[in-house]
Number of protein chains: 2
Amino acid sequence: MSAIEPSEGVVLVSGGMDSCVACAWALAQGWRVRVLHVTYGQRTAERELRAFHDIANHFGIEPERRLVASIAYLSAIGGSSLTDLTMEVEHADLDRKGIPTSYVPFRNAHLLAIAVSWCEAVGATNIVIGAVHEDSSGYPDCRPEYYAAFNELLRVGTVDGVLRVHTPLIHMRKSEIIRMGMSLHAPLHLTWSCYRNTDVACGNCDSCALRLRGFAEAGAKDPIPYLTDSRAADRPRSHNPQ
Amino acid sequence: MSAIEPSEGVVLVSGGMDSCVACAWALAQGWRVRVLHVTYGQRTAERELRAFHDIANHFGIEPERRLVASIAYLSAIGGSSLTDLTMEVEHADLDRKGIPTSYVPFRNAHLLAIAVSWCEAVGATNIVIGAVHEDSSGYPDCRPEYYAAFNELLRVGTVDGVLRVHTPLIHMRKSEIIRMGMSLHAPLHLTWSCYRNTDVACGNCDSCALRLRGFAEAGAKDPIPYLTDSRAADRPRSHNPQ
């Protein structure tokens with residue numbers, strides 16, 4: 001990975017914490033940044049899109065350098081509790097073996113393919129994705145070897161073969177990502193992680209549990225409220241309170 | 001590539017001749033076939049979708065085993081004369097060096113990613129794509145090494161790593177594909193190849209020129225009419241007669 005290069009980069013920004021930190025990292029490389037948000041009919045799509053624009057506004061990324069793409073066909077395919085609304089989102093079990101029901105099969109390949117096509121059209125040569133291996137929920141497309149294989153695909157499958165995917169967070173624990181985000185002044189208060197709710201984070205889906213554990217290990221306070229907080233006790237219940 | 005295996009296969013069917021022959025090949029393997037059509041805001045989208053359903057009907061593939069997915073975001077990205085309606089489709093030059101304007105950057109990765117997600121959701125283990133290297137227009141994602149790299153991505157990026165992409169036509173010339181199609185009784189008369197028109201094929205875009213040359217080399221008559229045919233002289237002009 002080249003550290004500093006005055007070039008264009010496309011950052012995948014889901015609205016969650018990892019991609020927000022990845023965006024701050026890309027800006028810190030001196031790259032001129034574009035941001036890509038992909039919506040796929042997930043439960044919390046609107047809330048994540050709001051977080052995407054909040055983060056882009058915070059970083060001063062112009063509207064013409066943002067792309068929102070829908071891969072709603074993933075809902076028709078099903079197979080994940082994030083897109084199939086008849087499946088219940090599991091409660092967190094960070095010691096669970098195997099793939100959780102929230103796994104969207106091969107999802108990151110869709111996101112990366114869109115980023116690649118955009119890069120090829122505008123002449124950008126870097127893609128940044130906030131994928132995390134260690135602290136992930138076991139998704140196969142968060143493994144370092146997956147990104148090595150994807151970069152080989154880029155080498156042989158693009159016109160000039162110079163485009164590369166960067167995964168600056170891949171070997172970090174969530175607590176390290178949080179510390180990096182704080183040191184880069186990433187707007188973690190604008191991010192959204194919860195897989196289940198859209199108003200107040202549930203605090204007990206996999207994604208909330210990983211986030212809360214990360215802040216605890218980082219010795220920091222998560223700036224967003226949770227249903228399980230005493231602060232949240234007098235808030236209305238979420239629309240999806242399973 | 002395993003030759004005969006009683007398993008499920010997803011075939012990418014664009015509505016063109018190559019994918020029609022690839023579908024016939026998949027059925028000849030004894031696989032239970034699903035068909036996937038991806039539309040991406042290309043000029044001839046409706047005509048290709050009609051060809052997809054005509055081919056699926058011919059092969060007796062039930063509606064619930066067909067999937068039509070839109071990746072219309074490629075139109076917003078632009079960069080190809082197939083999706084950017086302000087760019088003119090080039091006249092054929094089969095000896096042209098470099099990538100023609102009809103190239104949609106990294107398009108096949110989008111198609112394959114959708115096929116992979118569908119396979120993972122339904123338990124299919126084979127994907128078939130009618131990509132052609134020799135006779136292609138120089139697209140980087142039609143090279144054999146591209147599919148080798150994609151299969152490596154599948155090995156590391158899917159849950160059980162057994163899914164494989166098959167490219168039965170990759171080393172064939174167009175004339176060989178036509179002969180294979182005829183021997184497998186593929187309904188070539190239902191296919192659509194023209195990049196420019198939707199009523200009568202123009203006969204002089206890259207795709208028409210490759211097809212016509214293929215039939216000539218195969219010593220066969222293309223069953224579809226062309227604007228440049230004497231048969232087509234009294235037909236109305238196309239909607240896109242550039």
# chains A, B, ... in the order shown; residues from 1 in each chain; ligands from 1
$ closest_atom_pairs --of "chain B" --to "chain A" --cutoff "9 Å" --atoms "only C-alpha atoms" --output "tab-separated table"
residue	atom	partner	partner_atom	distance
B:Leu67	CA	A:Ile77	CA	8.5
B:Val68	CA	A:Tyr73	CA	8.2
B:Ala69	CA	A:Tyr73	CA	5.5
B:Ser70	CA	A:Tyr73	CA	7.0
B:Ile71	CA	A:Ile71	CA	6.8
B:Ala72	CA	A:Ser70	CA	8.3
B:Tyr73	CA	A:Ala69	CA	5.5
B:Leu74	CA	A:Ser117	CA	7.6
B:Ala76	CA	A:Leu67	CA	8.5
B:Ile77	CA	A:Trp118	CA	5.7
B:Gly78	CA	A:Ala121	CA	6.5
B:Gly79	CA	A:Ala121	CA	4.9
B:Ser80	CA	A:Ala121	CA	8.3
B:Ile99	CA	A:Val159	CA	7.9
B:Val104	CA	A:Ser117	CA	7.8
B:Pro105	CA	A:Ser117	CA	5.0
B:Phe106	CA	A:Ser117	CA	5.7
B:Arg107	CA	A:Ser117	CA	7.4
B:Ala109	CA	A:Ala113	CA	6.0
B:His110	CA	A:Ala113	CA	5.8
B:Ala113	CA	A:His110	CA	5.8
B:Ile114	CA	A:His110	CA	7.4
B:Val116	CA	A:Phe106	CA	6.8
B:Ser117	CA	A:Pro105	CA	5.1
B:Trp118	CA	A:Ile77	CA	5.7
B:Cys119	CA	A:Pro105	CA	8.9
B:Glu120	CA	A:Pro105	CA	6.1
B:Ala121	CA	A:Gly79	CA	5.0
B:Val122	CA	A:Gly79	CA	8.1
B:Tyr139	CA	A:Val159	CA	7.9
B:Pro140	CA	A:Gly157	CA	5.0
B:Asp141	CA	A:Gly157	CA	4.8
B:Cys142	CA	A:Gly157	CA	8.1
B:Arg143	CA	A:Gly157	CA	7.7
B:Glu145	CA	A:Val156	CA	6.7
B:Tyr146	CA	A:Gly157	CA	5.5
B:Tyr147	CA	A:Leu153	CA	8.4
B:Ala148	CA	A:Leu153	CA	8.7
B:Ala149	CA	A:Leu153	CA	5.2
B:Phe150	CA	A:Leu153	CA	6.3
B:Glu152	CA	A:Ala149	CA	6.5
B:Leu153	CA	A:Ala149	CA	5.2
B:Leu154	CA	A:Tyr146	CA	8.6
B:Arg155	CA	A:Tyr146	CA	8.8
B:Val156	CA	A:Tyr146	CA	5.7
B:Gly157	CA	A:Asp141	CA	4.8
B:Thr158	CA	A:Pro140	CA	5.7
B:Val159	CA	A:Pro140	CA	6.0
$ write_last_selection --atoms "C-alpha atoms" --output "PDB file, in the first residue's frame"
ATOM      1  CA  LEU B  67     -34.055 -13.432 -11.963  1.00  0.00           C
ATOM      2  CA  VAL B  68     -33.928  -9.991 -13.563  1.00  0.00           C
ATOM      3  CA  ALA B  69     -31.692  -7.543 -11.723  1.00  0.00           C
ATOM      4  CA  SER B  70     -31.107  -3.874 -12.474  1.00  0.00           C
ATOM      5  CA  ILE B  71     -27.718  -2.277 -12.055  1.00  0.00           C
ATOM      6  CA  ALA B  72     -28.960   1.023 -13.451  1.00  0.00           C
ATOM      7  CA  TYR B  73     -26.371   2.864 -11.330  1.00  0.00           C
ATOM      8  CA  LEU B  74     -23.948   2.096 -14.161  1.00  0.00           C
ATOM      9  CA  ALA B  76     -25.101   7.302 -13.549  1.00  0.00           C
ATOM     10  CA  ILE B  77     -21.429   6.313 -13.620  1.00  0.00           C
ATOM     11  CA  GLY B  78     -21.212   6.541 -17.410  1.00  0.00           C
ATOM     12  CA  GLY B  79     -18.022   5.939 -19.314  1.00  0.00           C
ATOM     13  CA  SER B  80     -19.518   3.659 -21.973  1.00  0.00           C
ATOM     14  CA  ILE B  99     -10.883  -0.800 -25.909  1.00  0.00           C
ATOM     15  CA  VAL B 104     -18.708  -0.879 -19.607  1.00  0.00           C
ATOM     16  CA  PRO B 105     -15.890  -0.760 -17.054  1.00  0.00           C
ATOM     17  CA  PHE B 106     -15.699  -3.980 -15.005  1.00  0.00           C
ATOM     18  CA  ARG B 107     -19.224  -4.914 -16.056  1.00  0.00           C
ATOM     19  CA  ALA B 109     -17.865  -8.420 -12.114  1.00  0.00           C
ATOM     20  CA  HIS B 110     -21.273  -6.902 -11.384  1.00  0.00           C
ATOM     21  CA  ALA B 113     -21.460 -10.886  -8.072  1.00  0.00           C
ATOM     22  CA  ILE B 114     -25.235 -11.063  -8.520  1.00  0.00           C
ATOM     23  CA  VAL B 116     -22.817 -15.546  -6.735  1.00  0.00           C
ATOM     24  CA  SER B 117     -25.236 -14.020  -4.228  1.00  0.00           C
ATOM     25  CA  TRP B 118     -28.119 -15.869  -5.866  1.00  0.00           C
ATOM     26  CA  CYS B 119     -26.192 -19.165  -5.844  1.00  0.00           C
ATOM     27  CA  GLU B 120     -25.314 -18.728  -2.183  1.00  0.00           C
ATOM     28  CA  ALA B 121     -28.962 -18.058  -1.313  1.00  0.00           C
ATOM     29  CA  VAL B 122     -30.366 -21.083  -3.203  1.00  0.00           C
ATOM     30  CA  TYR B 139     -12.692  -6.231 -23.017  1.00  0.00           C
ATOM     31  CA  PRO B 140     -10.320  -7.008 -20.125  1.00  0.00           C
ATOM     32  CA  ASP B 141     -13.020  -8.945 -18.272  1.00  0.00           C
ATOM     33  CA  CYS B 142     -13.318 -11.479 -21.095  1.00  0.00           C
ATOM     34  CA  ARG B 143      -9.801 -12.869 -20.567  1.00  0.00           C
ATOM     35  CA  GLU B 145      -7.062 -15.133 -16.485  1.00  0.00           C
ATOM     36  CA  TYR B 146      -9.901 -12.881 -15.317  1.00  0.00           C
ATOM     37  CA  TYR B 147     -12.075 -15.942 -14.642  1.00  0.00           C
ATOM     38  CA  ALA B 148      -9.202 -17.783 -12.968  1.00  0.00           C
ATOM     39  CA  ALA B 149      -8.829 -14.781 -10.650  1.00  0.00           C
ATOM     40  CA  PHE B 150     -12.574 -14.671 -10.065  1.00  0.00           C
ATOM     41  CA  GLU B 152      -9.863 -17.691  -6.605  1.00  0.00           C
ATOM     42  CA  LEU B 153     -11.982 -14.851  -5.199  1.00  0.00           C
ATOM     43  CA  LEU B 154     -14.862 -17.329  -4.847  1.00  0.00           C
ATOM     44  CA  ARG B 155     -12.639 -19.861  -3.110  1.00  0.00           C
ATOM     45  CA  VAL B 156     -11.663 -17.380  -0.394  1.00  0.00           C
ATOM     46  CA  GLY B 157     -14.752 -15.159  -0.392  1.00  0.00           C
ATOM     47  CA  THR B 158     -17.681 -17.536  -0.078  1.00  0.00           C
ATOM     48  CA  VAL B 159     -18.823 -19.526   2.920  1.00  0.00           C
TER      49      VAL B 159
END
$ residues_around --residues "range 55-61 of chain B" --least-positions-apart "3" --cutoff "8 Å" --atoms "only C-alpha atoms" --output "list in words"
Gly15, Cys20, Val33, Arg34, Val35, Ala51, Phe52, Arg65, Arg66, Pro187, Leu190 and Thr191 of chain B
$ residues_around --residues "Gly203 in chain B" --least-positions-apart "5" --cutoff "10 Å" --atoms "only C-alpha atoms" --output "list in words"
His91, Ala92, Ser193, Cys194, Tyr195, Arg196, Asn197, Cys208, Ala209, Leu210, Arg211, Leu212, Pro225, Tyr226, Leu227, Thr228 and Asp229 of chain B
$ atom_distance --atom1 "CA of Met182 in chain B" --atom2 "CA of Ala26 in chain B"
14.8 Å
$ residues_around --residues "Val128 in chain B" --least-positions-apart "5" --cutoff "8 Å" --atoms "only C-alpha atoms" --output "ChimeraX atom specification"
/B:9-12,22-23,26,165-168
$ write_last_selection --atoms "C-alpha atoms" --output "compact mmCIF listing (two decimals), in the first residue's frame"
# COMPACT_ATOMS: atom_id res chain seq x y z
CA GLY B 9 -26.37 -23.89 -12.16
CA VAL B 10 -27.03 -20.19 -12.69
CA VAL B 11 -26.51 -19.08 -16.29
CA LEU B 12 -26.05 -15.43 -17.20
CA ALA B 22 -23.90 -21.19 -22.83
CA CYS B 23 -27.37 -21.95 -21.49
CA ALA B 26 -25.38 -25.90 -19.05
CA VAL B 165 -17.64 -19.95 -12.65
CA HIS B 166 -17.57 -21.92 -15.92
CA THR B 167 -16.70 -20.29 -19.24
CA PRO B 168 -17.41 -23.01 -21.81
$ atom_distance --atom1 "CA of Ala186 in chain B" --atom2 "CA of Ser207 in chain B"
18.8 Å
$ atom_distance --atom1 "CA of Met17 in chain A" --atom2 "CA of Glu176 in chain A"
11.9 Å
$ residues_around --residues "Ala28 in chain B" --least-positions-apart "3" --cutoff "9 Å" --atoms "only C-alpha atoms" --output "MDAnalysis selection string"
chainID B and resid 4 23:25 31 184
